[in-house]
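As stored in data25.cif (mmCIF, C-alpha atoms and all ligand atoms):
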data_input
loop_
_atom_site.label_atom_id
_atom_site.label_comp_id
_atom_site.auth_asym_id
_atom_site.auth_seq_id
_atom_site.Cartn_x
_atom_site.Cartn_y
_atom_site.Cartn_z
CA MET A 1 112.23 56.01 65.01
CA THR A 2 115.95 56.79 64.85
CA ALA A 3 118.16 56.84 67.93
CA THR A 4 118.23 60.66 68.02
CA GLU A 5 114.44 60.80 67.65
CA SER A 6 113.89 58.47 70.56
CA ARG A 7 116.46 60.37 72.64
CA THR A 8 114.53 63.58 71.85
CA GLN A 9 111.25 61.95 72.87
CA HIS A 10 112.82 60.78 76.13
CA LEU A 11 114.12 64.26 76.98
CA LEU A 12 110.76 65.84 76.16
CA THR A 13 109.02 63.37 78.44
CA LEU A 14 111.44 64.12 81.27
CA GLU A 15 110.99 67.86 80.98
CA ARG A 16 107.20 67.60 80.77
CA GLN A 17 107.03 65.21 83.69
CA TYR A 18 109.31 67.04 86.11
CA ASP A 19 108.68 70.70 85.30
CA SER A 20 106.35 72.58 87.66
CA GLY A 21 103.82 72.70 84.87
CA VAL A 22 103.46 76.47 84.61
CA TYR A 23 104.78 76.55 81.04
CA THR A 24 103.12 75.27 77.89
CA LYS A 25 106.02 73.29 76.43
CA HIS A 26 106.71 73.15 72.72
CA ASP A 27 107.69 69.77 71.31
CA VAL A 28 111.28 70.43 70.32
CA ILE A 29 114.53 70.23 72.26
CA ILE A 30 116.66 73.24 71.40
CA THR A 31 120.32 72.47 71.94
CA ARG A 32 122.35 75.25 70.34
CA GLY A 33 122.19 78.86 69.18
CA LEU A 34 124.34 81.31 67.24
CA GLY A 35 123.38 84.80 66.11
CA ALA A 36 119.67 84.72 65.24
CA SER A 37 119.57 80.95 64.67
CA VAL A 38 118.84 78.10 67.04
CA TRP A 39 119.05 74.38 66.30
CA ASP A 40 117.04 71.48 67.67
CA SER A 41 118.33 68.09 68.69
CA GLU A 42 117.72 66.73 65.19
CA GLY A 43 119.90 69.45 63.67
CA THR A 44 117.04 71.51 62.23
CA GLU A 45 117.76 75.25 62.12
CA TYR A 46 115.18 77.85 63.15
CA VAL A 47 115.13 81.61 62.63
CA ASP A 48 114.67 82.81 66.19
CA CYS A 49 112.37 85.83 66.41
CA VAL A 50 111.71 85.04 70.09
CA GLY A 51 115.27 85.94 71.00
CA GLY A 52 114.91 84.63 74.54
CA TYR A 53 111.92 86.99 74.99
CA GLY A 54 114.07 89.90 73.89
CA VAL A 55 117.24 88.91 75.72
CA ALA A 56 119.51 87.78 72.88
CA ASN A 57 119.97 91.25 71.28
CA ILE A 58 123.66 90.70 70.51
CA GLY A 59 123.00 87.18 69.23
CA HIS A 60 122.98 83.76 70.83
CA SER A 61 126.32 82.71 72.24
CA ASN A 62 127.90 85.97 71.14
CA PRO A 63 131.60 85.02 70.87
CA GLU A 64 132.78 88.06 72.85
CA VAL A 65 130.43 87.25 75.73
CA VAL A 66 131.43 83.58 75.58
CA ARG A 67 135.10 84.54 75.91
CA ALA A 68 134.38 86.96 78.76
CA ILE A 69 132.42 84.28 80.66
CA GLN A 70 135.13 81.67 80.10
CA GLU A 71 137.87 83.97 81.37
CA GLN A 72 135.83 85.19 84.32
CA ALA A 73 134.76 81.69 85.34
CA GLU A 74 138.40 80.80 85.83
CA ASN A 75 138.99 83.84 88.04
CA LEU A 76 135.93 84.27 90.21
CA ILE A 77 132.24 83.46 89.83
CA VAL A 78 130.56 84.75 92.96
CA LEU A 79 131.31 87.65 95.30
CA PRO A 80 128.94 89.53 97.61
CA GLN A 81 128.44 93.20 96.86
CA THR A 82 130.02 94.28 100.11
CA LEU A 83 133.33 93.13 98.57
CA PRO A 84 134.34 95.33 95.62
CA ASN A 85 135.30 93.62 92.38
CA ASP A 86 137.19 94.75 89.26
CA LYS A 87 134.57 93.56 86.77
CA ARG A 88 131.70 95.06 88.77
CA ALA A 89 133.37 98.46 88.92
CA GLU A 90 134.06 98.38 85.18
CA PHE A 91 130.54 97.21 84.40
CA LEU A 92 128.97 100.03 86.42
CA GLU A 93 131.08 102.60 84.61
CA GLU A 94 130.14 101.10 81.23
CA LEU A 95 126.42 100.94 82.05
CA ILE A 96 126.37 104.53 83.28
CA SER A 97 128.11 105.63 80.07
CA VAL A 98 125.03 104.61 78.06
CA LEU A 99 122.36 105.86 80.47
CA PRO A 100 120.92 109.38 80.45
CA SER A 101 123.04 111.65 82.60
CA GLY A 102 121.70 112.01 86.11
CA LEU A 103 120.87 108.32 86.33
CA ASP A 104 124.21 107.40 87.80
CA ARG A 105 123.39 105.15 90.74
CA ILE A 106 122.71 101.47 90.16
CA PHE A 107 121.15 98.70 92.22
CA LEU A 108 122.26 95.38 90.71
CA CYS A 109 120.09 92.28 90.80
CA ASN A 110 119.34 89.21 88.66
CA SER A 111 116.12 89.64 86.70
CA GLY A 112 113.52 92.08 85.51
CA THR A 113 111.02 91.40 88.22
CA GLU A 114 113.72 92.01 90.84
CA ALA A 115 114.57 95.32 89.19
CA VAL A 116 110.90 96.32 89.55
CA GLU A 117 110.84 95.19 93.19
CA ALA A 118 113.91 97.34 93.82
CA ALA A 119 112.32 100.30 92.03
CA LYS A 120 109.29 100.07 94.32
CA LYS A 121 111.36 99.99 97.48
CA PHE A 122 113.59 102.87 96.37
CA ALA A 123 110.50 104.87 95.37
CA ILE A 124 108.98 104.36 98.81
CA THR A 125 112.05 105.54 100.68
CA ALA A 126 112.72 108.37 98.20
CA THR A 127 109.25 109.78 98.86
CA ASN A 128 109.52 109.45 102.65
CA GLY A 129 107.24 106.47 102.94
CA ARG A 130 104.57 106.99 100.29
CA THR A 131 103.26 103.57 99.27
CA ARG A 132 100.88 104.13 96.36
CA PHE A 133 101.78 103.39 92.75
CA VAL A 134 100.27 104.21 89.41
CA SER A 135 100.72 101.68 86.64
CA MET A 136 99.33 101.21 83.14
CA LYS A 137 96.51 99.10 81.77
CA ARG A 138 97.99 96.42 79.50
CA GLY A 139 101.32 97.02 81.27
CA PHE A 140 103.67 94.25 82.32
CA SER A 141 106.13 94.53 85.20
CA GLY A 142 106.95 90.96 86.23
CA ARG A 143 105.63 87.99 88.19
CA THR A 144 106.88 88.20 91.78
CA LEU A 145 104.18 89.52 94.09
CA GLY A 146 105.39 93.13 94.26
CA ALA A 147 105.97 93.44 90.54
CA LEU A 148 102.79 91.48 89.84
CA ALA A 149 100.88 94.16 91.72
CA LEU A 150 101.96 96.59 88.98
CA THR A 151 101.11 94.14 86.17
CA HIS A 152 97.67 94.72 84.77
CA GLU A 153 96.71 91.35 83.23
CA PRO A 154 94.01 89.82 85.49
CA LYS A 155 94.94 86.31 84.33
CA TYR A 156 98.34 86.75 86.02
CA ARG A 157 96.98 88.41 89.18
CA GLU A 158 93.71 86.77 90.04
CA PRO A 159 94.93 83.29 91.05
CA PHE A 160 96.82 84.95 93.91
CA GLY A 161 93.97 86.96 95.35
CA ALA A 162 94.74 89.27 98.22
CA ALA A 163 98.41 88.20 98.29
CA VAL A 164 98.85 90.61 95.40
CA ASP A 165 98.78 94.16 96.73
CA ASN A 166 95.80 95.45 94.78
CA GLU A 167 95.01 98.23 97.20
CA HIS A 168 98.08 100.39 96.65
CA VAL A 169 98.08 100.31 92.87
CA GLN A 170 95.89 102.19 90.45
CA PHE A 171 95.85 101.36 86.74
CA VAL A 172 95.26 104.06 84.15
CA THR A 173 94.69 103.80 80.42
CA TYR A 174 98.03 104.05 78.62
CA GLY A 175 97.87 107.35 76.80
CA ASN A 176 95.01 108.94 78.76
CA ILE A 177 96.39 112.11 80.35
CA ALA A 178 93.20 112.99 82.24
CA GLU A 179 93.12 109.58 83.95
CA LEU A 180 96.80 109.88 84.77
CA GLU A 181 96.32 113.34 86.25
CA ALA A 182 93.46 112.10 88.42
CA ALA A 183 95.38 109.03 89.62
CA ILE A 184 98.56 110.75 90.81
CA THR A 185 98.16 112.20 94.28
CA GLU A 186 100.32 113.40 97.15
CA GLU A 187 100.41 109.76 98.29
CA THR A 188 101.86 108.42 95.04
CA ALA A 189 105.40 107.08 95.37
CA ALA A 190 105.86 106.45 91.66
CA VAL A 191 104.34 106.10 88.25
CA ILE A 192 105.79 103.21 86.26
CA LEU A 193 105.40 102.84 82.53
CA GLU A 194 106.94 101.06 79.58
CA PRO A 195 107.92 103.52 76.81
CA ILE A 196 106.64 100.84 74.46
CA GLN A 197 104.36 98.22 75.96
CA GLY A 198 105.69 94.78 75.08
CA GLU A 199 103.44 92.07 76.51
CA GLY A 200 100.57 94.51 76.08
CA GLY A 201 100.81 94.16 72.30
CA VAL A 202 103.79 96.33 71.20
CA ARG A 203 102.28 99.78 71.75
CA PRO A 204 104.49 102.89 71.80
CA ALA A 205 103.46 105.65 74.21
CA ASP A 206 102.87 109.01 72.62
CA LEU A 207 105.11 111.95 73.41
CA GLU A 208 102.35 114.02 75.01
CA PHE A 209 101.54 111.25 77.47
CA VAL A 210 105.15 110.74 78.48
CA ARG A 211 105.63 114.49 78.90
CA ALA A 212 102.45 114.73 80.99
CA ALA A 213 103.69 111.87 83.18
CA ARG A 214 106.94 113.75 83.76
CA ARG A 215 105.20 117.05 84.50
CA ILE A 216 102.54 115.66 86.86
CA THR A 217 104.93 113.44 88.83
CA ARG A 218 107.22 116.44 89.36
CA GLU A 219 104.31 118.56 90.56
CA LYS A 220 103.10 115.90 92.98
CA GLY A 221 106.52 114.86 94.26
CA ALA A 222 106.24 111.33 92.87
CA LEU A 223 108.91 109.49 90.91
CA LEU A 224 108.62 108.65 87.23
CA ILE A 225 110.04 105.22 86.48
CA PHE A 226 110.47 103.82 83.00
CA ASP A 227 110.42 100.08 82.64
CA GLU A 228 112.98 99.54 79.88
CA ILE A 229 113.46 95.85 80.64
CA GLN A 230 112.25 94.89 77.17
CA THR A 231 112.86 98.14 75.27
CA GLY A 232 116.41 98.82 76.51
CA PHE A 233 119.77 97.92 75.02
CA CYS A 234 119.14 98.93 71.42
CA ARG A 235 115.95 96.93 70.85
CA THR A 236 113.85 99.85 69.59
CA GLY A 237 116.44 101.65 67.44
CA LYS A 238 117.85 103.75 70.29
CA PHE A 239 120.04 102.59 73.14
CA PHE A 240 117.00 103.20 75.38
CA ALA A 241 113.47 103.80 74.15
CA LEU A 242 113.20 107.01 76.17
CA GLU A 243 115.52 108.59 73.59
CA HIS A 244 112.62 108.49 71.11
CA TYR A 245 111.04 111.20 73.23
CA CYS A 246 113.91 113.60 72.67
CA ASP A 247 112.47 116.46 70.70
CA ALA A 248 115.41 118.85 70.76
CA GLY A 249 116.99 117.36 67.66
CA CYS A 250 120.10 116.34 69.53
CA GLN A 251 119.92 112.55 69.56
CA ASP A 252 122.92 110.33 69.74
CA VAL A 253 125.42 112.83 71.07
CA ASN A 254 128.66 110.92 71.76
CA GLY A 255 127.34 108.23 69.48
CA VAL A 256 125.23 106.83 72.28
CA ARG A 257 123.39 109.25 74.50
CA CYS A 258 120.48 111.42 73.60
CA GLY A 259 121.70 114.98 74.03
CA CYS A 260 118.26 116.14 75.06
CA VAL A 261 118.14 113.67 77.89
CA VAL A 262 121.59 114.80 78.94
CA ALA A 263 120.35 118.36 79.29
CA ASP A 264 118.76 119.39 82.58
CA SER A 265 115.92 120.93 80.65
CA CYS A 266 114.87 117.56 79.26
CA LEU A 267 111.20 117.01 79.81
CA VAL A 268 111.24 113.26 79.84
CA VAL A 269 114.26 112.13 81.82
CA PRO A 270 112.85 109.79 84.49
CA ASP A 271 113.94 109.36 88.11
CA GLY A 272 114.69 105.71 87.54
CA ILE A 273 114.82 102.99 84.89
CA THR A 274 114.37 99.26 85.39
CA LEU A 275 116.74 97.16 83.29
CA ALA A 276 117.31 93.45 82.68
CA LYS A 277 116.82 91.12 79.71
CA ALA A 278 119.53 91.96 77.12
CA MET A 279 121.95 93.66 79.50
CA ALA A 280 124.40 90.74 79.84
CA GLY A 281 124.12 88.90 76.52
CA GLY A 282 121.89 86.17 77.97
CA VAL A 283 123.28 85.76 81.48
CA PRO A 284 120.68 86.53 84.18
CA ILE A 285 120.99 90.13 85.34
CA GLY A 286 118.81 93.03 86.40
CA ALA A 287 119.32 96.59 87.58
CA PHE A 288 117.52 99.64 88.81
CA ALA A 289 119.26 102.81 87.62
CA MET A 290 118.31 105.96 89.51
CA THR A 291 119.34 109.48 90.44
CA GLY A 292 121.51 110.20 93.44
CA ALA A 293 118.54 111.89 95.11
CA VAL A 294 116.62 108.60 94.97
CA ALA A 295 119.53 106.35 95.98
CA ASP A 296 120.58 108.52 98.93
CA LYS A 297 117.24 108.09 100.71
CA MET A 298 117.55 104.30 101.02
CA PRO A 299 119.09 103.38 104.39
CA LYS A 300 122.20 101.16 104.43
CA GLY A 301 121.00 97.57 104.38
CA GLY A 302 117.54 98.63 103.19
CA HIS A 303 117.74 96.30 100.22
CA GLY A 304 120.05 93.53 99.04
CA THR A 305 120.55 90.34 97.04
CA THR A 306 123.04 87.48 97.19
CA PHE A 307 123.66 86.95 93.49
CA GLY A 308 123.29 90.56 92.34
CA GLY A 309 126.45 92.03 90.81
CA ASN A 310 128.19 88.65 90.66
CA PRO A 311 131.45 88.79 88.68
CA LEU A 312 130.27 86.31 86.04
CA ALA A 313 127.24 88.43 85.09
CA MET A 314 129.36 91.58 85.33
CA ALA A 315 131.95 90.22 82.89
CA ALA A 316 129.19 89.16 80.50
CA GLY A 317 127.45 92.52 80.81
CA LEU A 318 130.66 94.43 80.22
CA ALA A 319 131.32 92.48 77.02
CA ALA A 320 127.69 92.86 75.91
CA ILE A 321 127.50 96.65 76.34
CA ARG A 322 130.91 97.13 74.68
CA PHE A 323 129.68 95.06 71.73
CA MET A 324 126.49 97.16 71.45
CA LYS A 325 128.45 100.42 71.49
CA ARG A 326 131.12 99.31 69.03
CA GLU A 327 128.65 97.78 66.57
CA LYS A 328 126.24 100.73 66.95
CA LEU A 329 123.58 98.10 67.52
CA TRP A 330 120.78 100.68 67.90
CA GLU A 331 121.37 101.80 64.31
CA GLN A 332 121.16 98.20 63.14
CA ALA A 333 117.89 97.77 65.05
CA ALA A 334 116.46 100.93 63.44
CA GLU A 335 117.46 99.98 59.89
CA LYS A 336 116.57 96.31 60.09
CA GLY A 337 113.36 97.12 61.92
CA ASP A 338 112.26 99.53 59.18
CA TYR A 339 113.00 96.89 56.56
CA PHE A 340 111.24 94.14 58.55
CA MET A 341 108.11 96.26 59.05
CA LYS A 342 108.08 97.43 55.44
CA ARG A 343 108.24 93.83 54.24
CA LEU A 344 105.54 92.76 56.72
CA ARG A 345 103.27 95.56 55.44
CA GLU A 346 103.88 94.43 51.87
CA ILE A 347 102.34 91.04 52.66
CA GLY A 348 99.02 92.82 52.30
CA SER A 349 97.00 89.96 53.82
CA GLY A 350 93.40 90.70 54.71
CA LYS A 351 94.06 88.91 58.02
CA ILE A 352 96.45 91.67 59.18
CA ARG A 353 94.92 94.59 61.05
CA GLU A 354 98.15 96.48 61.78
CA VAL A 355 101.92 96.19 61.70
CA ARG A 356 103.48 98.36 64.43
CA GLY A 357 106.60 98.74 66.51
CA ARG A 358 109.92 100.48 66.77
CA GLY A 359 113.23 99.06 65.68
CA LEU A 360 113.20 95.29 66.11
CA MET A 361 110.32 95.28 68.58
CA ILE A 362 107.54 94.45 66.17
CA GLY A 363 103.94 93.38 66.59
CA VAL A 364 101.56 92.25 63.89
CA GLU A 365 97.97 92.50 65.06
CA LEU A 366 95.68 90.08 63.28
CA LYS A 367 91.92 90.20 62.95
CA GLU A 368 91.80 86.76 64.56
CA LYS A 369 93.69 84.74 67.17
CA SER A 370 97.42 84.63 66.48
CA ALA A 371 98.20 81.26 68.12
CA PRO A 372 97.51 79.00 65.07
CA TYR A 373 99.84 81.13 62.95
CA ILE A 374 102.58 81.16 65.58
CA HIS A 375 102.28 77.38 65.78
CA ALA A 376 102.43 76.95 62.00
CA LEU A 377 105.44 79.26 61.75
CA GLU A 378 107.31 77.04 64.17
CA HIS A 379 106.19 73.67 62.86
CA ASP A 380 106.04 74.16 59.14
CA GLU A 381 108.44 77.04 58.57
CA GLN A 382 111.05 76.82 61.37
CA VAL A 383 110.48 80.42 62.41
CA LEU A 384 110.03 81.08 66.13
CA THR A 385 107.78 84.01 67.13
CA LEU A 386 105.87 84.88 70.26
CA GLN A 387 102.45 86.06 71.24
CA ALA A 388 101.57 89.40 72.83
CA THR A 389 97.87 89.49 73.70
CA PRO A 390 95.73 86.90 71.88
CA LEU A 391 95.72 88.73 68.54
CA VAL A 392 99.33 89.83 68.15
CA VAL A 393 102.32 87.98 66.69
CA ARG A 394 105.45 89.54 68.20
CA PHE A 395 108.94 89.55 66.67
CA LEU A 396 111.90 90.20 69.02
CA PRO A 397 114.80 88.75 67.01
CA PRO A 398 118.44 89.16 67.93
CA ILE A 399 119.48 92.52 66.47
CA VAL A 400 122.34 90.78 64.67
CA ILE A 401 119.72 88.99 62.52
CA THR A 402 120.67 89.06 58.82
CA TYR A 403 118.50 90.57 56.07
CA GLU A 404 118.31 87.10 54.57
CA GLN A 405 116.86 85.76 57.83
CA ILE A 406 114.36 88.63 57.94
CA ASP A 407 113.27 87.71 54.40
CA ARG A 408 112.95 84.09 55.46
CA ALA A 409 110.76 85.02 58.42
CA VAL A 410 108.53 87.38 56.40
CA ASP A 411 108.11 84.96 53.49
CA ALA A 412 107.20 82.22 55.94
CA PHE A 413 104.68 84.49 57.66
CA ALA A 414 103.09 85.35 54.29
CA ARG A 415 102.78 81.63 53.51
CA VAL A 416 101.13 80.70 56.82
CA LEU A 417 98.70 83.62 56.58
CA GLU A 418 97.75 82.33 53.17
CA ARG A 419 97.61 78.65 54.07
CA VAL A 420 96.41 78.33 57.66
CA ASN A 421 92.67 78.51 58.05
CA PRO A 422 91.71 77.89 61.67
CA LYS A 423 87.99 78.15 61.01
CA GLY A 424 87.80 75.79 58.08
C1 LIG B 501 110.24 90.72 80.88
C2 LIG B 501 109.74 91.93 81.54
C3 LIG B 501 109.71 92.06 82.95
C4 LIG B 501 110.08 90.93 83.86
O1 LIG B 501 111.38 90.47 83.69
P1 LIG B 501 111.78 89.01 84.22
O2 LIG B 501 113.26 88.95 84.01
O3 LIG B 501 111.01 88.03 83.40
O4 LIG B 501 111.41 88.94 85.65
C5 LIG B 501 109.28 93.27 83.48
N1 LIG B 501 108.91 94.29 82.70
C6 LIG B 501 108.93 94.20 81.35
C7 LIG B 501 108.52 95.38 80.52
C8 LIG B 501 109.32 93.02 80.73
O5 LIG B 501 109.28 92.93 79.39
#
Give the structure from the file, written as structure tokens.
Amino acid sequence: MTATESRTQHLLTLERQYDSGVYTKHDVIITRGLGASVWDSEGTEYVDCVGGYGVANIGHSNPEVVRAIQEQAENLIVLPQTLPNDKRAEFLEELISVLPSGLDRIFLCNSGTEAVEAAKKFAITATNGRTRFVSMKRGFSGRTLGALALTHEPKYREPFGAAVDNEHVQFVTYGNIAELEAAITEETAAVILEPIQGEGGVRPADLEFVRAARRITREKGALLIFDEIQTGFCRTGKFFALEHYCDAGCQDVNGVRCGCVVADSCLVVPDGITLAKAMAGGVPIGAFAMTGAVADKMPKGGHGTTFGGNPLAMAAGLAAIRFMKREKLWEQAAEKGDYFMKRLREIGSGKIREVRGRGLMIGVELKEKSAPYIHALEHDEQVLTLQATPLVVRFLPPIVITYEQIDRAVDAFARVLERVNPKG
């Protein structure tokens, strides 16, 4: 064993020994990243199609975000939200410039699950105290108790029993309008749905379902909330996935917004959107974007967070969103995603049931468990992918991934499908 190998072993042992144990640890130490590549402690390069679970859209250690963090760290790192800050003001303006018009009030926090918690509280006050929610089967909303209550997966919920609020949440089949109609009542505060389910196996909602959700929530006085934590910030080939539901032929007005969503007549503009993951180039951040009507019902002091809106995250977020706009990152996601999916379909393996997704949010559903293939991709091919439901291999690479890296990932996937034989 060389000195670096034994150092790696030592670090792995430390992390395994002292971590809480909730994560299944891989056996590499990743020390560095750039663009869509990460390197381990031995200097081996990997093509990273995990992308920090869909965080690293603008690439690992994006140089513009690095510079923004460095400069901001020298000025000011933390500041409560009662004290206004230059970077926070600029970030809010920048974020609102890419959101559908009407969603121009922002609650800033530090993660996706916190954004969902905020959405719930704002929905309750906006509907004068209604406390029931409608969420989707196979949906994922986060792991803190309030967000967990909206997360369907029993494996995540059941260990916590009655501490998870099961009583106030009803789950409906994603795509089933009749079930949705029956579930939404005069007691419903909000319906929350992912425009494309991520953890649930990369499943886009169909237009009719999204439209029905908008219509029924309006009729019943409930809010419609889109969870764009994974789909937002160019991932799916639009700045936000809700723009896929524009049917007025007016997408990308101003180079960014969907013109249909901008119009009052838009059928699918929600009352709020939860945001996190890619919003600040890798720095922890979350937000709930909402209409003024929703924000104005929350009493002063009704919600809050210490770290939310901190200048370091704001500076990173400002640089990240400016990069996305300038590089037209949504167009890159659309083009590269089409190429990636076309190449995956060309593999033509009998083990593949379906290749689906939008932009660079891609799932390959196999006819058998995906874990052995994900493992082989990492170990034998240096390609990192993630699971979404037991059968799906999910690809969420940085959108700055090169075509050469896409080829590398697809060729590697073809080889492991050919070679790995879990049954024999
Ligand atoms: C990741 C994710 C969350 C939770 O975000 P965290 O930052 O992990 O708390 C919620 N909803 C969706 C759709 C997600 O993909």
Problem set entry | Nearest-residue call for ligand LIG 501 (chain B), choices A:Asp296, A:Glu228, A:Glu243, A:Glu418, using all atoms listed in the file |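 Among the listed residues, A:Glu228 lies closest to ligand LIG 501 (chain B).
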For this session: Would you list the residues that come within 10 Å of ligand LIG 501 (chain B)? Count only C-alpha atoms and all ligand atoms and give the answer as a ChimeraX atom specification.
Result: /A:52-55,110-117,139-144,147-148,150-151,193-200,226-232,274-278,284-286
Exercise. Which residue gives the smallest distance to A:Ala289 among A:Leu92, A:Ala178, A:Ala222, A:Met324, with all atoms listed in the file counted?
Worked result: A:Leu92
Problem set entry | Counting all atoms listed in the file, the option among A:Leu318, A:Gly309, A:Ile399, A:Asp411 closest to A:Val78 |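 Among the listed residues, A:Gly309 lies closest to A:Val78.
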Exercise. A:Arg130: which residues within 6 Å, counting only C-alpha atoms, same-chain residues fewer than 5 positions away excluded, as a VMD selection string?
Worked result: chain A and resid 124 187 189
Residue subset to file, keeping C-alpha atoms, as a CSV table (one decimal), keeping the file's coordinate frame:
chain,number,residue,atom,x,y,z
A,124,ILE,CA,109.0,104.4,98.8
A,187,GLU,CA,100.4,109.8,98.3
A,189,ALA,CA,105.4,107.1,95.4
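Every protein or nucleic acid residue with an atom no more than 12 Å from A:Arg67, counting all atoms listed in the file and leaving out same-chain residues fewer than 3 positions away, appears here: Ser61, Asn62, Pro63, Glu64, Gln70, Glu71, Gln72, Ala73, Glu74, Gly281, Leu312, Ala315, Ala316, Leu318, Ala319 and Ala320 of chain A.
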Problem set entry | Selected residue, from A:Arg353, A:Gly175, A:Val416, A:Gly317, that lies nearest to A:Arg88 when counting only C-alpha atoms |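 Counting only C-alpha atoms, the residue closest to A:Arg88 is A:Gly317.
Taking all atoms listed in the file into account, A:Lys87 lies nearest to A:Ile69 out of the set A:Ile69, A:Met341, A:Glu404, A:Arg7.
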Exercise. What is the atom CA of A:Asp338-atom CA of A:Gly359 distance in Å, reported with one decimal?
Worked result: 6.6 Å
For this session: Enter the distance from atom CA of A:Met290 to atom CA of A:Ala89, in Å, rounded to one decimal.
Result: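 Separation of atom CA of A:Met290 and atom CA of A:Ala89: 16.8 Å.
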Problem set entry | Length of the atom CA of A:Val355 to atom CA of A:Val202 vector [Å] |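 Computing the Euclidean distance for atom CA of A:Val355 and atom CA of A:Val202 yields 9.7 Å.
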Problem set entry | Shell of 12 Å around A:Ser370, all atoms listed in the file, local chain residues under 5 positions omitted, as a list in words |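 Within the cut-off, the hits are Gly201, Lys351, Ile352, Arg353, Gly363, Val364, Glu365, His375, Ala376, Leu377, Thr385, Leu386, Gln387, Ala388, Thr389, Pro390, Leu391, Val392, Val393, Arg394, Phe413, Val416, Leu417, Val420, Asn421 and Pro422 of chain A.
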Problem set entry | Among listed residues A:Ala163, A:Val283, A:Leu207, A:Ile216, nearest A:Ile184 (using only C-alpha atoms) |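 Result for the nearest residue to A:Ile184: A:Ile216.
Around A:Tyr339, within 12 Å and counting all atoms listed in the file, the residues found are Gln332, Ala333, Arg345, Glu346, Gly357, Arg358, Gly359, Leu360, Ile362, Ile401, Thr402, Tyr403, Glu404, Gln405, Ile406, Asp407 and Val410 of chain A, once anything fewer than 6 positions away on its own chain is removed.
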Quick one: residues within 10 Å of A:Ile106, only C-alpha atoms counted, chain neighbours fewer than 3 positions away excluded, as a PDB file with C-alpha atoms, in the coordinates of the input?
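Result saved to out.pdb:
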ATOM      1  CA  LEU A  92     128.970 100.030  86.420  1.00  0.00           C
ATOM      2  CA  LEU A  95     126.420 100.940  82.050  1.00  0.00           C
ATOM      3  CA  ILE A  96     126.370 104.530  83.280  1.00  0.00           C
ATOM      4  CA  LEU A 103     120.870 108.320  86.330  1.00  0.00           C
ATOM      5  CA  CYS A 109     120.090  92.280  90.800  1.00  0.00           C
ATOM      6  CA  GLY A 272     114.690 105.710  87.540  1.00  0.00           C
ATOM      7  CA  ILE A 273     114.820 102.990  84.890  1.00  0.00           C
ATOM      8  CA  THR A 274     114.370  99.260  85.390  1.00  0.00           C
ATOM      9  CA  ALA A 287     119.320  96.590  87.580  1.00  0.00           C
ATOM     10  CA  PHE A 288     117.520  99.640  88.810  1.00  0.00           C
ATOM     11  CA  ALA A 289     119.260 102.810  87.620  1.00  0.00           C
ATOM     12  CA  MET A 290     118.310 105.960  89.510  1.00  0.00           C
ATOM     13  CA  THR A 291     119.340 109.480  90.440  1.00  0.00           C
ATOM     14  CA  GLY A 292     121.510 110.200  93.440  1.00  0.00           C
ATOM     15  CA  ALA A 295     119.530 106.350  95.980  1.00  0.00           C
TER      16      ALA A 295
END
Problem set entry | Residues within 12 Å of (117.8, 104.5, 99.3), counting only C-alpha atoms, listed as a PyMOL selection string | chain A and resi 105-107+118-129+288-304
